[in-house]
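Q: Take a look at this one; I'll ask things after.
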Amino acid sequence: MTSHTRLLACAAAGALALSILATNAPATSAPTAKAAAPKYSATITRTAHGIPHITAKNFGSLGFGAGYAAAQTSTCILADVLLTGRAQRSRYLGPKGHYDDGVAMNGTNLQADALVTDLHNRKVVEKLLADPKAGPGSEARQMVTGYAAGINKYIRASGGSKKITDPACKGAPYIRPNITAMDVWYGVYMANILASTGNFLKQIVGATPPSLSDPGLPSLATFGIVPPELPTSAELKKALGKDPKSPFGSNATAVGRADTSTGKGMLLGNPHFPWNGRYRFSQQQLTIPGKYNVAGASLIGSPVVNIGWNRNVAWSHTVSTAYRFTPYEYRTVLSPFMYLSANGLIKQLEKRVVKVVVKNPNGSLSTVTEDMYRTPQGYVIDDPATLMGWTPLSFFAIRDANGEQLRTIDTFLNMGKATSVRDLIKRQDAGGGMPWVNTTAADRNGDVVYADHSVVPNVPNSMANVCMTPIGRVTQQLAGLPGLDGTFADGICKWKTDADAQRPGIFGTKNLPAAYRSDWVMNANDSYWLPNPAQRLTGYAKIIGCENCQRTLRTKVVSRYVMDRVKVGKVTPAVLRGFEHQNRVMGAEVMGTAALVKVCQAANGGDACPVLAAWDKHSNITSRGNHIFEEFVKRLPGGGLLGGETYWKVPFSSADPMNTPRDLDVTNGKVIKAMKEAIAYLRSKNIPMNATWGSVQVAGDRGAPPIPLGGGSGDDAGNANALAGRGPSANGGFLKPITYGSSHIQAISFLANGLVDAKTILTYGQSDNPRSPWSKDQTLLFSQKKWVSFPWTTAQIKAQKISAIRISGN
């Protein structure tokens, strides 16, 4: 056994976490001489940085190897994913513990368990598995079943939870080798509803009917007027899971044959995801010789590659602006639990009573009961922050398009078979399970595509205009989300069905935006409207996103990288990689040095002003002055640089979206105040004005020392290499310990003779275990602007091999 293999066995032991089984599940019996022949068999070859390359003869065995490998390197996170999907967090971790997936679902363990318990009670996943349209296909089922078996195989082989080296779950009693395919499917389902039902966890579990002591906020919708106290657009978007100040996002750029030195396609993908928790990526290659070969990154708990490449196509994803749900407003009659339906009928809310087993402070177990309410469309929410409180006159329930499908694994699995970008999108459409992201891709022919062909409720503008309630019109105006009339939820206000849609209730291909080109396309979480400055996509439903609307500074800098390059020459593979680490700060470029210095002087900034004057307007680890700028833009009113058109001399114009707004108003009192407060804050933290950026922005994920990092604030400051500090972190004594942002970065260039140049970096490392050699190795490379040459061919894998094992089992 090599030293690397021993480290794997040690660090992986955590994989067990997946064993999250029921407390009274039967033990797995040891194999006997008469046992049936192994159902699954796979080879796992590890290369530098712990990247697993899994080879098998069929999809079941491929999933088996993927599950084993995931358990080796992501033990505790994988266990947590399955524990959540089993609704057993309160049983093992206590009901008051905090659950935060780092993206959307945020509440107590009890709240998470209550919602998931009701999903189990209603057999939501089981019913989807039995649905020929909304459920998975044969190969996806094989992958998931094998994945569960692979997890169990690793738990047994590694010696159980007591052998786990990761302190986060060492000795955890829920780690046992009894994971089922259903456990994995529930984990997949929870990821599906991330941007919809998951965002309303507290509002669903805590939905309370109005009473004499708590009548709720008065709804004036019934009278045809709206409440006088309205949230701002930013406040409403935040409450709806689309916080402009804390976006869930990514960048992706695809360059085609017209602008590449190779005459073939190239892709630079950089999803911005949490560095801690269940939405971390892990890297892998999945191969069935002669049949299937794909590499890239997978969210933990996913047996398939989510972002990656094959021999002919490379793709990445960015979070889409489209909504995955619509609220329906119901008018109550006689009682908070009775509501008006079509034809004057009165219906009663369904009350869902769930029982959750919880761990008491003394270690004993007891049962807690929670109530939730539903209409045929979905869960009732009680959310005054979004104008959707439960009042004596009305209540709201949400219908979730991603809650009605279990096609995600099929979609990603079959994208891995694509032969071109058009074939990629065709397969994506046939899958019908792209949950909440755009796709940007390039192929060997030199074609590129941007498409938002994700799962979107089929609510065309014509229907919205007829069906929106007064409050629903306000939510659309402020946040782009139409609120529909629940009275007619089964009639004229029921989601439409397109002839070319994979299933009822969602938009089909012809009503979703896409742009195929031979030069370049990009997306950085703005709407579909402008995938390339030369092409505008218009005429789509407002629920998908805005048109003729302002672009973020991050969108502009991602576009500028290509636009500025093609003015002087073609994009080479090296130039493509270089885009990731240029670390230009577009906000500073738009403002200009002179304007920043004037504002600093007006704010009596003292020694901060010459630092800004000399700043290189980059966010490299050696840059001096970027920390002043970041603190400044955070304090600009109106949501930062993007939201404050009044602070620009030249306002936004849809006729010139890449160059407006611009020219900061240096005499504006609020701008000067923002600078004064930024400098005062840095002084209060004893941070020198001439500090290097790398001395204040460091890695903050679990297990990482304070490694200096370039890049910075995405939308406000205009960094493509977007990094943020969110939630608890290591290295908290620094100004900005990073726990979110650039994650699995891939620069893929198709070359002659069928070759692929694949350069990647997993910024936080392959393993979350702080005792693993793979917990910080790639973070160090990321700090140094270096890349991993991802071994793709058999020869490359052999050259980088550090271990190889053959596993089999049932």
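Following the order of the structure tokens, chains are lettered A, B, ..., residues in each are numbered from 1, and ligands are numbered from 1.
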Got a sec: who's within 8 Å of Ser394 (chain A), counting only C-alpha atoms, leaving out chain neighbours fewer than 4 positions off, as a PyMOL selection string?
A: chain A and resi 219+329-332+336+390
Q: Using only C-alpha atoms, which protein or nucleic acid residues come within 12 Å of Gly344 (chain A)? Drop anything in the same chain fewer than 2 positions from it, and give the result as a list in words.
A: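 Here the answer would be Arg331, Val333, Tyr339, Leu340, Ser341, Ala342, Ile346, Lys347, Thr487 and Phe488 of chain A.
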Q: Next, write the just-selected residues to a file, as a PDB file, in the first residue's frame, keeping N, CA and C atoms as the atom set.
A:
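The result, stored in selection36.pdb:
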ATOM      1  N   ARG A 331     -57.707  33.971  -1.480  1.00  0.00           N
ATOM      2  CA  ARG A 331     -58.530  34.799  -0.609  1.00  0.00           C
ATOM      3  C   ARG A 331     -59.292  33.908   0.363  1.00  0.00           C
ATOM      4  N   VAL A 333     -62.040  32.709   3.168  1.00  0.00           N
ATOM      5  CA  VAL A 333     -63.497  32.851   3.316  1.00  0.00           C
ATOM      6  C   VAL A 333     -63.892  32.236   4.661  1.00  0.00           C
ATOM      7  N   TYR A 339     -60.553  28.811   1.665  1.00  0.00           N
ATOM      8  CA  TYR A 339     -60.218  29.751   0.602  1.00  0.00           C
ATOM      9  C   TYR A 339     -61.144  29.564  -0.599  1.00  0.00           C
ATOM     10  N   LEU A 340     -61.241  30.649  -1.354  1.00  0.00           N
ATOM     11  CA  LEU A 340     -62.113  30.690  -2.514  1.00  0.00           C
ATOM     12  C   LEU A 340     -61.446  30.037  -3.707  1.00  0.00           C
ATOM     13  N   SER A 341     -62.183  29.172  -4.386  1.00  0.00           N
ATOM     14  CA  SER A 341     -61.697  28.541  -5.594  1.00  0.00           C
ATOM     15  C   SER A 341     -62.593  28.928  -6.762  1.00  0.00           C
ATOM     16  N   ALA A 342     -62.286  28.418  -7.940  1.00  0.00           N
ATOM     17  CA  ALA A 342     -63.049  28.769  -9.138  1.00  0.00           C
ATOM     18  C   ALA A 342     -64.506  28.356  -8.988  1.00  0.00           C
ATOM     19  N   ILE A 346     -65.652  26.733  -2.218  1.00  0.00           N
ATOM     20  CA  ILE A 346     -64.807  27.005  -1.063  1.00  0.00           C
ATOM     21  C   ILE A 346     -64.076  25.725  -0.701  1.00  0.00           C
ATOM     22  N   LYS A 347     -62.754  25.834  -0.574  1.00  0.00           N
ATOM     23  CA  LYS A 347     -61.934  24.668  -0.249  1.00  0.00           C
ATOM     24  C   LYS A 347     -61.216  24.895   1.074  1.00  0.00           C
ATOM     25  N   THR A 487     -57.212  31.667  -6.867  1.00  0.00           N
ATOM     26  CA  THR A 487     -58.598  31.290  -7.147  1.00  0.00           C
ATOM     27  C   THR A 487     -58.699  30.503  -8.450  1.00  0.00           C
ATOM     28  N   PHE A 488     -57.837  30.858  -9.395  1.00  0.00           N
ATOM     29  CA  PHE A 488     -57.880  30.231 -10.724  1.00  0.00           C
ATOM     30  C   PHE A 488     -56.620  29.403 -11.000  1.00  0.00           C
TER      31      PHE A 488
END
Q: When distances are computed from only C-alpha atoms, which of A:Asp423, A:Asp131, A:Glu350, A:Asp757 shows the smallest separation from Trp787 (chain A)?
A: A:Asp757
Q: Determine the nearest neighbour of Ser803 (chain A) from the options A:Ile51, A:Ala717, A:Cys493, A:Cys169, counting only C-alpha atoms.
A: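 Ranking A:Ile51, A:Ala717, A:Cys493, A:Cys169 by distance to Ser803 (chain A), first place goes to A:Ile51.
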Q: Between A:Pro384, A:Pro247, A:Gly102, A:Pro573, which is the closest to Pro231 (chain A) once you count only C-alpha atoms?
A: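 That would be A:Pro384, the residue with the smallest distance to Pro231 (chain A).
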Q: Quick one: residues within 8 Å of Ser518 (chain A), only C-alpha atoms counted, chain neighbours fewer than 4 positions away excluded, as a VMD selection string?
A: chain A and resid 255 to 259 446 to 448
Q: Generate a file of the selected residues that holds C-alpha atoms, formatted as a compact mmCIF listing (two decimals), in the first residue's frame.
A:
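This is the output file selection23.txt:
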# COMPACT_ATOMS: atom_id res chain seq x y z
CA VAL A 255 -14.61 31.41 -27.37
CA GLY A 256 -15.22 30.04 -30.86
CA ARG A 257 -13.16 29.42 -33.96
CA ALA A 258 -13.43 33.00 -35.22
CA ASP A 259 -11.42 34.27 -32.24
CA GLY A 446 -15.31 25.90 -32.88
CA ASP A 447 -18.97 26.62 -32.14
CA VAL A 448 -20.10 28.15 -28.84
Q: Just list the residues in region 363-546 of chain A DSSP gives strand (DSSP E or B) on the backbone, as a PyMOL selection string.
A: chain A and resi 365-375+378-381+383+388+394-400+437-443+448-451+457+468+484-485+506+514-517+520-523+532+535
Q: Take the residues from that selection and write them out as a CSV table (one decimal), in the first residue's frame, keeping N, CA and C atoms.
A:
chain,number,residue,atom,x,y,z
A,365,LEU,N,-34.1,10.7,23.6
A,365,LEU,CA,-34.8,11.0,22.4
A,365,LEU,C,-36.3,11.3,22.8
A,366,SER,N,-36.9,12.2,22.1
A,366,SER,CA,-38.3,12.5,22.2
A,366,SER,C,-38.8,13.0,20.9
A,367,THR,N,-40.1,13.2,20.8
A,367,THR,CA,-40.8,13.6,19.6
A,367,THR,C,-41.3,15.0,19.6
A,368,VAL,N,-41.1,15.7,18.6
A,368,VAL,CA,-41.6,17.1,18.5
A,368,VAL,C,-42.6,17.1,17.3
A,369,THR,N,-43.7,17.8,17.4
A,369,THR,CA,-44.7,17.9,16.4
A,369,THR,C,-44.6,19.3,15.7
A,370,GLU,N,-44.7,19.3,14.4
A,370,GLU,CA,-44.7,20.6,13.7
A,370,GLU,C,-45.9,20.5,12.7
A,371,ASP,N,-46.5,21.7,12.4
A,371,ASP,CA,-47.6,21.8,11.5
A,371,ASP,C,-47.1,22.6,10.3
A,372,MET,N,-47.6,22.2,9.1
A,372,MET,CA,-47.4,22.9,7.9
A,372,MET,C,-48.7,22.8,7.1
A,373,TYR,N,-48.9,23.7,6.1
A,373,TYR,CA,-50.1,23.8,5.4
A,373,TYR,C,-49.9,23.8,3.9
A,374,ARG,N,-50.8,23.2,3.1
A,374,ARG,CA,-50.6,23.1,1.7
A,374,ARG,C,-52.0,23.3,1.0
A,375,THR,N,-51.8,23.8,-0.2
A,375,THR,CA,-52.9,23.8,-1.2
A,375,THR,C,-52.4,22.8,-2.3
A,378,GLY,N,-49.0,23.9,-3.6
A,378,GLY,CA,-47.7,23.8,-2.8
A,378,GLY,C,-47.9,24.3,-1.4
A,379,TYR,N,-46.8,24.4,-0.7
A,379,TYR,CA,-46.8,24.8,0.7
A,379,TYR,C,-47.2,26.3,0.9
A,380,VAL,N,-47.9,26.5,1.9
A,380,VAL,CA,-48.3,27.9,2.4
A,380,VAL,C,-47.0,28.5,3.0
A,381,ILE,N,-46.7,29.7,2.7
A,381,ILE,CA,-45.6,30.5,3.3
A,381,ILE,C,-46.2,31.6,4.0
A,383,ASP,N,-44.7,35.1,5.0
A,383,ASP,CA,-43.4,35.8,4.7
A,383,ASP,C,-43.7,37.3,4.4
A,388,MET,N,-45.9,38.6,1.4
A,388,MET,CA,-46.7,37.4,1.3
A,388,MET,C,-46.9,36.8,2.7
A,394,SER,N,-56.0,37.0,3.2
A,394,SER,CA,-55.4,36.1,2.2
A,394,SER,C,-54.2,35.4,2.7
A,395,PHE,N,-53.7,34.4,1.9
A,395,PHE,CA,-52.4,33.7,2.2
A,395,PHE,C,-51.8,33.3,0.9
A,396,PHE,N,-50.6,32.9,0.9
A,396,PHE,CA,-49.9,32.6,-0.3
A,396,PHE,C,-49.3,31.2,-0.2
A,397,ALA,N,-49.3,30.5,-1.3
A,397,ALA,CA,-48.7,29.2,-1.4
A,397,ALA,C,-47.8,29.2,-2.7
A,398,ILE,N,-46.7,28.5,-2.6
A,398,ILE,CA,-45.8,28.5,-3.8
A,398,ILE,C,-45.9,27.1,-4.5
A,399,ARG,N,-45.9,27.2,-5.9
A,399,ARG,CA,-45.8,26.1,-6.7
A,399,ARG,C,-44.3,26.0,-7.2
A,400,ASP,N,-43.7,24.9,-7.1
A,400,ASP,CA,-42.2,24.8,-7.3
A,400,ASP,C,-42.0,23.8,-8.5
A,437,VAL,N,-29.7,26.8,-13.5
A,437,VAL,CA,-28.5,27.4,-14.1
A,437,VAL,C,-28.6,27.5,-15.6
A,438,ASN,N,-27.8,28.5,-16.1
A,438,ASN,CA,-27.5,28.7,-17.5
A,438,ASN,C,-26.4,27.7,-17.9
A,439,THR,N,-26.3,27.5,-19.2
A,439,THR,CA,-25.2,26.7,-19.8
A,439,THR,C,-24.4,27.5,-20.8
A,440,THR,N,-23.1,27.5,-20.7
A,440,THR,CA,-22.2,28.1,-21.6
A,440,THR,C,-21.2,27.0,-22.1
A,441,ALA,N,-21.0,26.9,-23.4
A,441,ALA,CA,-20.3,25.7,-23.9
A,441,ALA,C,-19.5,26.0,-25.1
A,442,ALA,N,-18.5,25.2,-25.4
A,442,ALA,CA,-17.7,25.3,-26.6
A,442,ALA,C,-17.4,23.9,-27.1
A,443,ASP,N,-17.2,23.8,-28.4
A,443,ASP,CA,-16.9,22.4,-28.9
A,443,ASP,C,-15.7,22.4,-29.9
A,448,VAL,N,-19.9,27.9,-30.3
A,448,VAL,CA,-20.1,28.1,-28.8
A,448,VAL,C,-21.6,28.4,-28.6
A,449,VAL,N,-22.0,28.3,-27.4
A,449,VAL,CA,-23.4,28.5,-27.1
A,449,VAL,C,-23.6,29.1,-25.7
A,450,TYR,N,-24.5,30.0,-25.6
A,450,TYR,CA,-25.1,30.4,-24.3
A,450,TYR,C,-26.6,30.0,-24.3
A,451,ALA,N,-27.1,29.4,-23.3
A,451,ALA,CA,-28.5,29.1,-23.2
A,451,ALA,C,-29.0,29.0,-21.8
A,457,PRO,N,-41.1,27.8,-14.7
A,457,PRO,CA,-42.6,27.7,-14.8
A,457,PRO,C,-43.1,28.4,-16.0
A,468,MET,N,-52.0,38.1,-12.4
A,468,MET,CA,-51.4,38.7,-11.3
A,468,MET,C,-52.4,39.4,-10.4
A,484,LEU,N,-49.5,35.1,-8.7
A,484,LEU,CA,-50.7,34.8,-9.4
A,484,LEU,C,-51.9,34.6,-8.5
A,485,ASP,N,-53.1,34.6,-9.1
A,485,ASP,CA,-54.3,34.5,-8.4
A,485,ASP,C,-54.6,33.0,-8.1
A,506,ILE,N,-43.8,23.6,-17.8
A,506,ILE,CA,-42.5,24.3,-18.0
A,506,ILE,C,-42.4,24.8,-19.4
A,514,ALA,N,-31.4,31.3,-26.2
A,514,ALA,CA,-30.1,30.6,-26.6
A,514,ALA,C,-29.5,31.4,-27.7
A,515,ALA,N,-28.1,31.4,-27.7
A,515,ALA,CA,-27.4,32.1,-28.7
A,515,ALA,C,-26.2,31.2,-29.2
A,516,TYR,N,-26.2,30.8,-30.4
A,516,TYR,CA,-25.1,30.0,-31.0
A,516,TYR,C,-24.3,30.9,-31.9
A,517,ARG,N,-23.0,30.9,-31.6
A,517,ARG,CA,-22.1,31.8,-32.4
A,517,ARG,C,-20.8,31.1,-32.7
A,520,TRP,N,-17.7,34.5,-29.7
A,520,TRP,CA,-17.7,34.2,-28.2
A,520,TRP,C,-19.0,34.6,-27.6
A,521,VAL,N,-19.3,33.9,-26.4
A,521,VAL,CA,-20.4,34.2,-25.6
A,521,VAL,C,-20.0,34.2,-24.2
A,522,MET,N,-20.8,34.8,-23.3
A,522,MET,CA,-20.4,34.7,-21.9
A,522,MET,C,-21.7,34.9,-21.0
A,523,ASN,N,-21.6,34.6,-19.7
A,523,ASN,CA,-22.6,35.0,-18.8
A,523,ASN,C,-21.9,35.1,-17.4
A,532,ASN,N,-23.5,38.4,-25.9
A,532,ASN,CA,-22.4,39.0,-26.6
A,532,ASN,C,-22.9,40.4,-27.0
A,535,GLN,N,-25.2,40.7,-29.9
A,535,GLN,CA,-26.4,39.9,-30.0
A,535,GLN,C,-27.3,40.2,-28.8
Q: I'd like the contact shell of Thr321 (chain A) - 9 Å cut-off, only C-alpha atoms, skipping same-chain residues fewer than 6 positions apart - returned as a list in words.
A: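 The neighbour list is Lys242, Trp436, Val437, Asn438, Asn525, Asp526, Ser527, Tyr528, Ile543, Ile544, Gly545 and Cys546 of chain A.
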Q: For the residues in the current selection, export C-alpha atoms as an mmCIF file, in the first residue's frame.
A:
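result.cif written:
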data_model
loop_
_atom_site.group_PDB
_atom_site.id
_atom_site.type_symbol
_atom_site.label_atom_id
_atom_site.label_comp_id
_atom_site.auth_asym_id
_atom_site.auth_seq_id
_atom_site.Cartn_x
_atom_site.Cartn_y
_atom_site.Cartn_z
ATOM 1 C CA LYS A 242 -31.717 36.720 -5.121
ATOM 2 C CA TRP A 436 -31.412 26.582 -11.836
ATOM 3 C CA VAL A 437 -28.471 27.376 -14.100
ATOM 4 C CA ASN A 438 -27.523 28.699 -17.519
ATOM 5 C CA ASN A 525 -25.312 35.925 -13.714
ATOM 6 C CA ASP A 526 -26.953 38.814 -15.476
ATOM 7 C CA SER A 527 -30.019 37.914 -17.505
ATOM 8 C CA TYR A 528 -29.911 36.217 -20.891
ATOM 9 C CA ILE A 543 -40.122 35.393 -15.243
ATOM 10 C CA ILE A 544 -36.903 34.307 -17.011
ATOM 11 C CA GLY A 545 -35.160 37.663 -16.606
ATOM 12 C CA CYS A 546 -34.973 41.279 -17.680
#
Q: As a PDB file with C-alpha atoms, in the first residue's frame, please: the residues near Asp616 (chain A) (cut-off 12 Å, only C-alpha atoms, same-chain neighbours under 5 positions excluded).
A:
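File produced: selection-v6.pdb:
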ATOM      1  CA  GLN A 582      -5.787  39.120 -14.463  1.00  0.00           C
ATOM      2  CA  ASN A 583      -7.731  40.351 -11.431  1.00  0.00           C
ATOM      3  CA  ARG A 584      -8.761  43.622 -13.028  1.00  0.00           C
ATOM      4  CA  VAL A 585     -11.129  45.684 -10.881  1.00  0.00           C
ATOM      5  CA  MET A 586     -13.645  47.067 -13.356  1.00  0.00           C
ATOM      6  CA  ALA A 588     -11.923  51.235 -10.410  1.00  0.00           C
ATOM      7  CA  GLU A 589     -11.348  51.322 -14.161  1.00  0.00           C
ATOM      8  CA  GLY A 592     -10.639  56.277 -12.783  1.00  0.00           C
ATOM      9  CA  THR A 593      -7.772  57.093 -10.452  1.00  0.00           C
ATOM     10  CA  VAL A 611      -2.174  54.872  -1.860  1.00  0.00           C
ATOM     11  CA  ILE A 621      -2.040  39.725  -3.645  1.00  0.00           C
ATOM     12  CA  THR A 622       0.646  42.407  -4.107  1.00  0.00           C
ATOM     13  CA  SER A 623      -1.807  45.206  -4.956  1.00  0.00           C
ATOM     14  CA  ARG A 624      -1.955  48.094  -2.464  1.00  0.00           C
ATOM     15  CA  GLY A 625      -5.184  50.070  -2.214  1.00  0.00           C
ATOM     16  CA  ASN A 626      -7.725  47.426  -3.182  1.00  0.00           C
ATOM     17  CA  PHE A 629     -11.724  50.438  -2.652  1.00  0.00           C
ATOM     18  CA  THR A 692      -1.053  44.530   0.367  1.00  0.00           C
ATOM     19  CA  TRP A 693      -4.275  42.807  -0.622  1.00  0.00           C
TER      20      TRP A 693
END
Q: A:Ser335, A:Tyr147, A:Ala430, A:Ser743: which is nearest Ser211 (chain A), counting only C-alpha atoms?
A: A:Ser335
Q: If I take CA of Ile300 (chain A) and CA of Gln766 (chain A), how far is one from the other in Å, to one decimal?
A: 10.8 Å
Q: Given only C-alpha atoms as the basis, pick out the residue of A:Pro303, A:Pro167, A:Gly403, A:Gly712 nearest to His581 (chain A).
A: A:Gly712
Q: Can you build me a table of region 560-614 of chain A residues sitting at most 10 Å from region 649-663 of chain A, with the closest atom pair per residue and its distance in Å to one decimal, using only C-alpha atoms, sorted by chain and residue number, as a tab-separated table?
A:
residue	atom	partner	partner_atom	distance
A:Arg560	CA	A:Met658	CA	9.0
A:Gly587	CA	A:Arg662	CA	9.4
A:Glu589	CA	A:Arg662	CA	9.8
A:Val590	CA	A:Arg662	CA	6.0
A:Met591	CA	A:Asp663	CA	5.8
A:Gly592	CA	A:Asp663	CA	8.1
A:Ala595	CA	A:Asp663	CA	8.2
Q: Would you output that residue set with all heavy atoms, as an mmCIF file, in the first residue's frame?
A:
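Done, and the output landed in part-v1.cif:
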data_model
loop_
_atom_site.group_PDB
_atom_site.id
_atom_site.type_symbol
_atom_site.label_atom_id
_atom_site.label_comp_id
_atom_site.auth_asym_id
_atom_site.auth_seq_id
_atom_site.Cartn_x
_atom_site.Cartn_y
_atom_site.Cartn_z
ATOM 1 N N ARG A 560 -14.892 42.225 -21.111
ATOM 2 C CA ARG A 560 -13.738 43.024 -21.527
ATOM 3 C C ARG A 560 -12.510 42.161 -21.747
ATOM 4 O O ARG A 560 -11.681 42.467 -22.610
ATOM 5 C CB ARG A 560 -13.417 44.087 -20.470
ATOM 6 C CG ARG A 560 -14.413 45.189 -20.275
ATOM 7 C CD ARG A 560 -14.643 46.155 -21.391
ATOM 8 N NE ARG A 560 -13.623 46.294 -22.397
ATOM 9 C CZ ARG A 560 -13.813 46.928 -23.554
ATOM 10 N NH1 ARG A 560 -15.013 47.448 -23.823
ATOM 11 N NH2 ARG A 560 -12.858 47.057 -24.417
ATOM 12 N N GLY A 587 -14.677 48.262 -11.492
ATOM 13 C CA GLY A 587 -15.220 49.451 -10.849
ATOM 14 C C GLY A 587 -14.208 50.575 -10.785
ATOM 15 O O GLY A 587 -14.533 51.745 -11.023
ATOM 16 N N GLU A 589 -11.626 50.872 -12.798
ATOM 17 C CA GLU A 589 -11.348 51.322 -14.161
ATOM 18 C C GLU A 589 -12.414 52.315 -14.623
ATOM 19 O O GLU A 589 -12.109 53.314 -15.282
ATOM 20 C CB GLU A 589 -11.295 50.128 -15.106
ATOM 21 C CG GLU A 589 -10.098 49.209 -14.879
ATOM 22 C CD GLU A 589 -10.019 48.106 -15.923
ATOM 23 O OE1 GLU A 589 -10.573 48.291 -17.029
ATOM 24 O OE2 GLU A 589 -9.406 47.057 -15.642
ATOM 25 N N VAL A 590 -13.670 52.027 -14.288
ATOM 26 C CA VAL A 590 -14.756 52.919 -14.709
ATOM 27 C C VAL A 590 -14.675 54.255 -13.980
ATOM 28 O O VAL A 590 -14.909 55.320 -14.568
ATOM 29 C CB VAL A 590 -16.126 52.246 -14.463
ATOM 30 C CG1 VAL A 590 -17.264 53.209 -14.759
ATOM 31 C CG2 VAL A 590 -16.262 50.999 -15.330
ATOM 32 N N MET A 591 -14.343 54.209 -12.708
ATOM 33 C CA MET A 591 -14.227 55.456 -11.939
ATOM 34 C C MET A 591 -13.008 56.266 -12.354
ATOM 35 O O MET A 591 -13.082 57.478 -12.536
ATOM 36 C CB MET A 591 -14.122 55.135 -10.445
ATOM 37 C CG MET A 591 -15.387 54.684 -9.788
ATOM 38 S SD MET A 591 -15.060 54.481 -8.023
ATOM 39 C CE MET A 591 -16.690 54.011 -7.462
ATOM 40 N N GLY A 592 -11.880 55.595 -12.469
ATOM 41 C CA GLY A 592 -10.639 56.277 -12.783
ATOM 42 C C GLY A 592 -9.914 56.712 -11.520
ATOM 43 O O GLY A 592 -10.519 57.047 -10.491
ATOM 44 N N ALA A 595 -10.688 60.378 -10.093
ATOM 45 C CA ALA A 595 -11.948 60.517 -9.362
ATOM 46 C C ALA A 595 -11.821 59.935 -7.961
ATOM 47 O O ALA A 595 -12.312 60.516 -6.982
ATOM 48 C CB ALA A 595 -13.080 59.826 -10.124
#
Q: Between CA of Ile492 (chain A) and CA of Ala401 (chain A), what is the distance, to one decimal in Å?
A: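 CA of Ile492 (chain A) sits 17.7 Å away from CA of Ala401 (chain A).
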Q: With a distance cut-off of 7 Å and only C-alpha atoms, select the neighbouring residues of region 265-279 of chain A, excluding the residue or stretch itself and same-chain residues fewer than 3 positions from it, and output the selection as number ranges by chain.
A: A: 77, 81, 101-102, 248-257, 299-300, 314-318, 441-448, 576, 701, 739-750, 764
Q: Given the choices A:Arg324, A:Lys245, A:Arg89, A:Lys417, which gets closest to Ile193 (chain A) if the distance is worked out from only C-alpha atoms?
A: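 Checking each candidate against Ile193 (chain A), we get A:Arg324 as the closest.
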Q: DSSP on the backbone: which residues in region 282-433 of chain A end up as helix (DSSP H, G or I)? Give the answer as a PyMOL selection string.
A: chain A and resi 342-344+384-386+402-404+408-415+421-431
Q: Could you take the residues named above and write them with C-alpha atoms, as an mmCIF file, in the first residue's frame?
A:
data_model
loop_
_atom_site.group_PDB
_atom_site.id
_atom_site.type_symbol
_atom_site.label_atom_id
_atom_site.label_comp_id
_atom_site.auth_asym_id
_atom_site.auth_seq_id
_atom_site.Cartn_x
_atom_site.Cartn_y
_atom_site.Cartn_z
ATOM 1 C CA ALA A 342 -63.049 28.769 -9.138
ATOM 2 C CA ASN A 343 -66.819 28.774 -9.717
ATOM 3 C CA GLY A 344 -67.396 30.078 -6.199
ATOM 4 C CA PRO A 384 -44.298 39.498 5.304
ATOM 5 C CA ALA A 385 -40.809 40.476 4.070
ATOM 6 C CA THR A 386 -41.909 39.492 0.567
ATOM 7 C CA ASN A 402 -38.170 21.811 -9.608
ATOM 8 C CA GLY A 403 -40.223 20.125 -6.922
ATOM 9 C CA GLU A 404 -42.043 18.363 -9.746
ATOM 10 C CA THR A 408 -31.367 16.242 -12.969
ATOM 11 C CA ILE A 409 -29.089 13.199 -12.965
ATOM 12 C CA ASP A 410 -30.347 12.200 -16.439
ATOM 13 C CA THR A 411 -29.680 15.684 -17.750
ATOM 14 C CA PHE A 412 -26.061 15.855 -16.607
ATOM 15 C CA LEU A 413 -25.301 12.225 -17.406
ATOM 16 C CA ASN A 414 -26.454 12.595 -21.010
ATOM 17 C CA MET A 415 -24.750 15.957 -21.501
ATOM 18 C CA VAL A 421 -22.770 22.320 -28.473
ATOM 19 C CA ARG A 422 -26.026 21.860 -30.360
ATOM 20 C CA ASP A 423 -26.124 18.225 -29.328
ATOM 21 C CA LEU A 424 -25.354 19.283 -25.751
ATOM 22 C CA ILE A 425 -28.375 21.593 -25.562
ATOM 23 C CA LYS A 426 -30.534 19.044 -27.362
ATOM 24 C CA ARG A 427 -29.652 16.469 -24.716
ATOM 25 C CA GLN A 428 -30.227 19.008 -21.977
ATOM 26 C CA ASP A 429 -33.695 19.753 -23.341
ATOM 27 C CA ALA A 430 -34.509 16.058 -23.626
ATOM 28 C CA GLY A 431 -33.509 15.637 -19.994
#
Q: Rounded to one decimal, what separation in Å do you get between CA of Lys133 (chain A) and CA of Ala489 (chain A)?
A: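 Here the two named atoms are 22.0 Å from each other.
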